[in-house]
Structures are given as C-alpha cells and as structure tokens.
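Here is the structure we will look at, set down as structure tokens.
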Amino acid sequence: MNILIVEDDPVSRRLLEVTLKKFGYDVIATSNGNEALEVFQGPSVPSLVISDWMMPGMDGLELCRNIRGMKKSSYTYFIILTAKGGKEDVIKGLDAGADDFLTKPFNSEELKYRVKIGERIINLEQRILKLATTDSLTGVLNRRAFMERMNEEIHRAKREGSPISLILMDIDHFKKVNDTYGHQTGDLVLQRVTDQLMDRSRAYDFVGRYGGEEFVICVRSTEDIDPQSIAERMRRNIEAQTIVTDQSNQTLRITASFGVGTSRPEYDDTLDSLIKRTDKAMYEAKKKGRNRVCVAREK
Amino acid sequence: MAFSDDLSSIFDLEDALEKVGGDKEILEEILVVFSETYPYQLSELKNAIDSGDAPIVERAAHTLKGSVGAFSAKKALETAFQLETMGREGKLEEAATVYSKLEQEVEELDAALKATLSES
C-alpha cells in the first residue's frame with residue numbers, strides 16, 4: 001500500500017517515513033499541501049494520507065478537502081495529525097473529511113494500528129469495487145464498467161490524437177446452445193469464449209460483457225496493429241475451440257460474428273456513435289452468414 | 001559538554017524508545033534530521049519574535065514542539081508550547097526571554113541526545 005506523508009516538520013516527517021517503511025509500506029514524504037497534491041497527479045496515487053494539521057500555506061484540512069473534491073477511481077483514507085493539547089478541533093477535522101486522528105507525539109504501535117484500520121477500509125473498498133465492475137460469470141468487466149472505461153478511453157484518444165477501436169462480438173446461435181444443452185452448458189460456452197477473447201487481446205486492451213452473449217473489446221491506439229486482424233484471430237480461435245460439456249461429455253463447437261469500428265480524433269465521435277457504427281458492422285456479419293468479421297465504414 | 005541538569009530531566013529516553021517500538025536506530029535517524037534542522041527552526045522563531053510576527057511565532061514554535069516531542073523532551077516541549085501560546089494570543093512581551101530559555105534547552109537536548117545515542 002502507498003502512503004503519502006505530509007508534514008512540514010522534518011523530524012516528524014522523517015520519523016513517520018522511517019517507521020512506516022519499517023512496517024513494510026511504500027512511503028512518499030512531502031513537506032506541504034501543494035507537493036502532496038502534485039503526488040496525486042502522478043502515476044501512483046496513494047491509498048492513504050497521513051497529514052499534519054498545522055502547516056504553513058495549505059493546512060491539513062484544506063488538503064483533505066482538496067483531495068475529497070478530486071475525481072478519483074478509488075478512496076483515499078485520510079489520517080490527520082494533531083498536537084497534544086493543541087487547539088485543533090476534532091469536529092472541524094471530521095467535517096473536512098478526515099477519517100481518523102493521530103495525536104503527536106505518537107506511539108509507533110498506535111500508528112501501526114491506525115494505518116491497519118485504514119488499510120482494512122481500503123481493501124474492502126477495492127473488493128466492493130471489483131464486485132461492482134466485474135461480470136460474475138466470465139470475470140471480464142460488466143457493461144456499466146466497460147462503458148465508463150471506454151468513454152474515458154475515447155476522450156483520452158481524442159486528447160492524444162490517436163485512433164481507438166471497438167470490437168463487438170455476438171456468439172452465433174447461442175439460443176440454440178441453451179435450448180439443446182441447457183443453461184449450464186450455455187454458461188460454460190460464455191466462459192470458454194471469454195478465455196479466447198482474453199487470450200487474443202493485448203495487455204492494454206480490455207474486454208467487457210455487453211449483454212447476454214454479446215462481448216465488447218476496446219483496442220487502444222491502432223496505428224501499429226490492425227483491429228480487424230485482432231478480431232479475425234479471435235474469431236478463428238473461437239471457431240477452432242472444442243468445448244466439452246460438463247455433464248454428458250458431449251463436444252460442441254461455437255462460432256461468433258464480429259463488428260469492428262474505429263474512431264479517429266477528427267471524427268468527433270461519442271461512445272454512442274462509435275457503438276452504433278460497430279453494431280451495424282456486427283449485424284452485417286450476421287447477415288452475410290455469421291462467423292465472420294465486418295468492419296464499419298469509416299465516418 | 002556539561003549539562004545544567006542530569007540527562008533524564010532533558011529528555012526521557014525510555015519514553016522516546018517506547019514510542020518508536022524500542023528501535024534505537026529510528027531515534028538515531030531522526031536525531032540526524034533534528035541536529036540539521038533545529039538551528040533553522042530556532043532562527044525562524046527568533047526572527048519572528050524580533051519582528052513581532054505573532055502568527056509565525058505560533059507556527060514556528062508549534063513545529064519545534066513537534067520535533068522535540070518526538071524525543072520526549074518535556075522541558076523544551078513545554079517552553080515551545082509557552083511560545084506557541086504567546087504567538088497565538090499575540091502577547092510577545094516575554095517572548096524574547098522565553099526564547100532564550102528554549103534555545104538553551106534545545107541545544108542541550110541535541111547534545112544530550114548525541115551523547116546518549118552514540119553511547120552504546
């Protein structure tokens with residue numbers, strides 16, 4: 001876990017840093033609120049902040065309010081340091097959004113357990129977040145989580161001036177699988193197909209379940225790689241795969257139809273317009289006899 | 001250096017060690033930082049008193065209080081707290097006198113810590 005220290009007094013700062021490192025945490029030490037906020041712009045956003053209350057410039061409360069006002073994908077647990085017998089008002093601290101208090105001079109054992117409480121909350125939050133964003137059957141992103149991320153990616157691609165592609169895939173005759181082999185086998189098919197999609201997507205792409213037997217894949221920056229060939233490889237892998245049913249040891253084969261849509265910065269696409277184009281391509285693949293990849297017409 | 005009091009009245013080693021979970025190395029590490037920074041902290045405080053800047057007196061004394069508190073230096077902590085209060089209340093008449101006391105106590109603390117921690 002990443003811990004950010006914000007403390008203007010060098011002695012207290014070093015004490016926190018050395019003690020927390022000894023406990024095995026990754027520690028970043030800063031001496032004021034502005035430096036602390038800069039850390040939040042960097043690549044590794046801290047999960048837990050331990051900040052002094054009284055500091056020149058931005059004080060601990062203001063820093064806490066600033067962090068609470070940020071749009072972040074995960075929670076930041078905030079411990080505020082107060083001086084024994086100081087004038088700081090606990091209620092003010094809670095009102096600013098602090099989670100806990102630690103009185104200076106503190107005892108390392110107390111620090112350890114206060115941080116552990118924070119760690120517990122952070123871990124719980126991460127588990128809940130994972131549950132809320134994952135499709136429980138296949139383990140890929142659920143529809144809402146995929147759409148949120150895809151939306152961010154489209155904006156980012158636009159900012160960076162790079163293209164971005166969407167692959168939409170629908171399993172062919174899936175209803176027949178369910179009707180013939182039962183829903184358990186249907187679930188198994190969805191899982192096996194997901195394996196192939198995951199296997200063929202690159203580390204920086206991501207896969208989501210769009211609906212019943214429909215899946216979506218985000219293919220980032222497609223200058224060096226053709227999204228159509230990624231879809232084609234996925235299609236071939238699914239077609240080549242033999243699925244053995246759990247109960248009767250029967251084998252079955254599955255095919256899927258793919259639509260590929262690409263958004264370029266100059267298109268001024270929204271997530272909606274990109275999905276519509278890609279969806280059309282996918283239906284074209286269905287219409288042309290299924291088990292194929294169709295590319296959406298460029299805008 | 002001759003101490004005006006015995007070491008235990010300057011700081012409480014047992015208490016300071018307990019606070020860092022008995023890890024003497026941590027105390028040694030923060031002593032290095034303390035020795036480097038307290039002269040600056042003192043001069044900031046002195047300047048603020050000389051120029052009658054009460055809010056800075058409060059803050060600088062508060063910071064020093066935090067530093068010496070890490071070593072369980074009760075006397076210096078109380079004196080720093082006295083100055084912090086003076087700063088907060090804007091009553092700096094006695095501040096220069098109290099500052100002299102604090103300066104002496106902090107220097108004594110630094111020497112006492114060095115003597116004790118390099119002992120064994």
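Residues are referred to by chain and number: the chain letter is A, B, ... according to the order shown in the structure tokens, the number counts from 1 in that chain, and ligands are numbered separately from 1 in the order shown.
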
Using only C-alpha atoms, I'd like a table of the residues in chain A that come within 8 Å of chain B; for each, show the closest atom pair and its distance in Å rounded to one decimal, ordered by chain and ascending number, as CSV.
residue,atom,partner,partner_atom,distance
A:Asp8,CA,B:Thr63,CA,7.6
A:Asp9,CA,B:Thr63,CA,5.7
A:Pro10,CA,B:Val33,CA,6.6
A:Val11,CA,B:Ser67,CA,5.4
A:Ser12,CA,B:Ser67,CA,6.1
A:Arg14,CA,B:Ile30,CA,6.1
A:Leu15,CA,B:Ile30,CA,6.0
A:Val18,CA,B:Ile26,CA,6.7
A:Thr19,CA,B:Ile26,CA,7.3
A:Met54,CA,B:Arg59,CA,7.6
A:Met55,CA,B:Arg59,CA,7.6
A:Pro56,CA,B:Arg59,CA,7.6
A:Ala83,CA,B:Gly66,CA,7.4
A:Lys104,CA,B:Gly66,CA,7.0
A:Pro105,CA,B:Ala70,CA,5.6
A:Phe106,CA,B:Lys19,CA,6.7
A:Asn107,CA,B:Lys19,CA,4.1
A:Ser108,CA,B:Val20,CA,5.1
A:Glu109,CA,B:Gly21,CA,6.7

With C-alpha atoms retained, export the selected residues as a PDB file, in the first residue's frame.
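Contents of selection.pdb, freshly written:
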ATOM      1  CA  ASP A   8       6.340  20.375   7.481  1.00  0.00           C
ATOM      2  CA  ASP A   9       8.478  19.460  10.482  1.00  0.00           C
ATOM      3  CA  PRO A  10      11.476  17.489   9.146  1.00  0.00           C
ATOM      4  CA  VAL A  11      11.891  15.483  12.354  1.00  0.00           C
ATOM      5  CA  SER A  12       8.281  14.300  12.483  1.00  0.00           C
ATOM      6  CA  ARG A  14      11.428  11.502   8.951  1.00  0.00           C
ATOM      7  CA  LEU A  15      10.025   9.697  11.972  1.00  0.00           C
ATOM      8  CA  VAL A  18      11.225   5.549   8.773  1.00  0.00           C
ATOM      9  CA  THR A  19       8.546   3.943  10.953  1.00  0.00           C
ATOM     10  CA  MET A  54      -0.990  22.903  11.141  1.00  0.00           C
ATOM     11  CA  MET A  55       1.255  23.692   8.214  1.00  0.00           C
ATOM     12  CA  PRO A  56       2.326  26.913   6.527  1.00  0.00           C
ATOM     13  CA  ALA A  83      -0.665  18.123  18.572  1.00  0.00           C
ATOM     14  CA  LYS A 104       1.616  13.890  18.239  1.00  0.00           C
ATOM     15  CA  PRO A 105       3.913  12.764  19.664  1.00  0.00           C
ATOM     16  CA  PHE A 106       2.526   9.412  18.623  1.00  0.00           C
ATOM     17  CA  ASN A 107       3.471   5.910  19.581  1.00  0.00           C
ATOM     18  CA  SER A 108       4.627   3.635  16.746  1.00  0.00           C
ATOM     19  CA  GLU A 109       2.269   0.856  17.850  1.00  0.00           C
TER      20      GLU A 109
END

| Residues near A:Tyr77, cut-off 7 Å, only C-alpha atoms, skip fewer than 2 positions along chain, as a list in words |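 Selected residues are Ser47, Leu48, Val49, Tyr75, Ile79, Asp99 and Gly118 of chain A.
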
| said: Residues near A:Glu153, anyone? I mean within 10 Å using only C-alpha atoms, not counting same-chain ones fewer than 5 positions away, as a list in words. | reply: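 In the requested format, the answer is Met147, Glu148, Lys158, Arg159, Ile164, Ser165, Cys218, Val219, Arg220, Ser221 and Leu271 of chain A.
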
| request: May I have the residues within 9 Å of stretch 176-179 of chain A as JSON, numbers by chain, using only C-alpha atoms and disregarding those fewer than 5 positions away in the same chain? | output: {"A": [184, 185, 186, 187, 189, 252, 254]}

Can you pull out every residue within 8 Å of stretch 47-55 of chain B, counting only C-alpha atoms, but drop anything in the same chain fewer than 5 positions away, and send it as an mmCIF file with C-alpha atoms, in the first residue's frame?
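Saved file selection14.cif follows:
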data_model
loop_
_atom_site.group_PDB
_atom_site.id
_atom_site.type_symbol
_atom_site.label_atom_id
_atom_site.label_comp_id
_atom_site.auth_asym_id
_atom_site.auth_seq_id
_atom_site.Cartn_x
_atom_site.Cartn_y
_atom_site.Cartn_z
ATOM 1 C CA MET B 86 2.170 33.619 23.240
ATOM 2 C CA GLY B 87 2.121 33.696 19.463
ATOM 3 C CA ARG B 88 -1.484 32.591 19.300
ATOM 4 C CA GLU B 89 -2.570 35.193 21.819
ATOM 5 C CA GLY B 90 -0.389 37.852 20.238
ATOM 6 C CA LYS B 91 1.365 38.534 23.538
ATOM 7 C CA LEU B 92 5.037 38.671 22.656
ATOM 8 C CA ALA B 95 8.768 36.017 24.125
ATOM 9 C CA ALA B 96 12.435 37.011 23.856
#

| query | Which one is closest to A:Leu16: A:Ile243, A:Val216, A:Leu111, A:Met198? Count only C-alpha atoms. | reply | A:Leu111

| said: Run DSSP on the backbone and tell me which residues of stretch 29-128 of chain A come out as alpha helix (DSSP H); list them as a ChimeraX atom specification. | reply: /A:33-41,60-68,90-96,108-128

Store the residues of this selection in a file with C-alpha atoms, as a PDB file, in the first residue's frame.
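Output (selection.pdb):
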ATOM      1  CA  GLY A  33      -0.031  20.575   0.747  1.00  0.00           C
ATOM      2  CA  ASN A  34       0.933  21.603  -2.764  1.00  0.00           C
ATOM      3  CA  GLU A  35       3.613  18.946  -3.027  1.00  0.00           C
ATOM      4  CA  ALA A  36       1.064  16.439  -1.751  1.00  0.00           C
ATOM      5  CA  LEU A  37      -1.470  17.413  -4.415  1.00  0.00           C
ATOM      6  CA  GLU A  38       1.197  17.005  -7.075  1.00  0.00           C
ATOM      7  CA  VAL A  39       1.670  13.395  -5.986  1.00  0.00           C
ATOM      8  CA  PHE A  40      -1.995  12.820  -6.804  1.00  0.00           C
ATOM      9  CA  GLN A  41      -1.314  13.914 -10.389  1.00  0.00           C
ATOM     10  CA  GLY A  60      -4.146  19.705   6.606  1.00  0.00           C
ATOM     11  CA  LEU A  61      -7.867  20.465   6.494  1.00  0.00           C
ATOM     12  CA  GLU A  62      -7.642  22.314   3.220  1.00  0.00           C
ATOM     13  CA  LEU A  63      -5.561  19.499   1.754  1.00  0.00           C
ATOM     14  CA  CYS A  64      -8.173  16.993   2.899  1.00  0.00           C
ATOM     15  CA  ARG A  65     -10.995  18.998   1.321  1.00  0.00           C
ATOM     16  CA  ASN A  66      -8.977  19.264  -1.889  1.00  0.00           C
ATOM     17  CA  ILE A  67      -8.450  15.509  -2.039  1.00  0.00           C
ATOM     18  CA  ARG A  68     -12.109  14.845  -1.273  1.00  0.00           C
ATOM     19  CA  VAL A  90     -11.826  17.270  16.051  1.00  0.00           C
ATOM     20  CA  ILE A  91     -15.231  18.199  14.636  1.00  0.00           C
ATOM     21  CA  LYS A  92     -13.636  20.540  12.103  1.00  0.00           C
ATOM     22  CA  GLY A  93     -11.366  17.709  11.017  1.00  0.00           C
ATOM     23  CA  LEU A  94     -14.236  15.285  10.544  1.00  0.00           C
ATOM     24  CA  ASP A  95     -16.182  17.937   8.687  1.00  0.00           C
ATOM     25  CA  ALA A  96     -13.290  18.382   6.255  1.00  0.00           C
ATOM     26  CA  SER A 108       4.627   3.635  16.746  1.00  0.00           C
ATOM     27  CA  GLU A 109       2.269   0.856  17.850  1.00  0.00           C
ATOM     28  CA  GLU A 110      -0.678   3.212  17.696  1.00  0.00           C
ATOM     29  CA  LEU A 111       0.442   4.440  14.288  1.00  0.00           C
ATOM     30  CA  LYS A 112       0.671   0.836  13.107  1.00  0.00           C
ATOM     31  CA  TYR A 113      -2.886   0.020  14.115  1.00  0.00           C
ATOM     32  CA  ARG A 114      -4.387   3.271  12.863  1.00  0.00           C
ATOM     33  CA  VAL A 115      -2.794   2.566   9.480  1.00  0.00           C
ATOM     34  CA  LYS A 116      -4.071  -1.016   9.602  1.00  0.00           C
ATOM     35  CA  ILE A 117      -7.613   0.234  10.131  1.00  0.00           C
ATOM     36  CA  GLY A 118      -7.187   2.420   7.066  1.00  0.00           C
ATOM     37  CA  GLU A 119      -5.778  -0.493   5.099  1.00  0.00           C
ATOM     38  CA  ARG A 120      -8.800  -2.599   6.014  1.00  0.00           C
ATOM     39  CA  ILE A 121     -11.166   0.059   4.728  1.00  0.00           C
ATOM     40  CA  ILE A 122      -9.154   0.496   1.527  1.00  0.00           C
ATOM     41  CA  ASN A 123      -9.098  -3.264   0.886  1.00  0.00           C
ATOM     42  CA  LEU A 124     -12.826  -3.544   1.486  1.00  0.00           C
ATOM     43  CA  GLU A 125     -13.456  -0.703  -0.892  1.00  0.00           C
ATOM     44  CA  GLN A 126     -11.315  -2.354  -3.549  1.00  0.00           C
ATOM     45  CA  ARG A 127     -13.159  -5.632  -3.138  1.00  0.00           C
ATOM     46  CA  ILE A 128     -16.525  -3.953  -3.431  1.00  0.00           C
TER      47      ILE A 128
END

| task | Would you mind reading off the distance between atom CA of B:Glu105 and atom CA of A:Ser51, one decimal, in Å? | result |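 We find that atom CA of B:Glu105 and atom CA of A:Ser51 lie 27.8 Å from each other.
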
| field | Using only C-alpha atoms: which of B:Thr79, B:Tyr40, B:Glu94, B:Ala73 has the shortest distance to B:Leu109 | value | B:Ala73
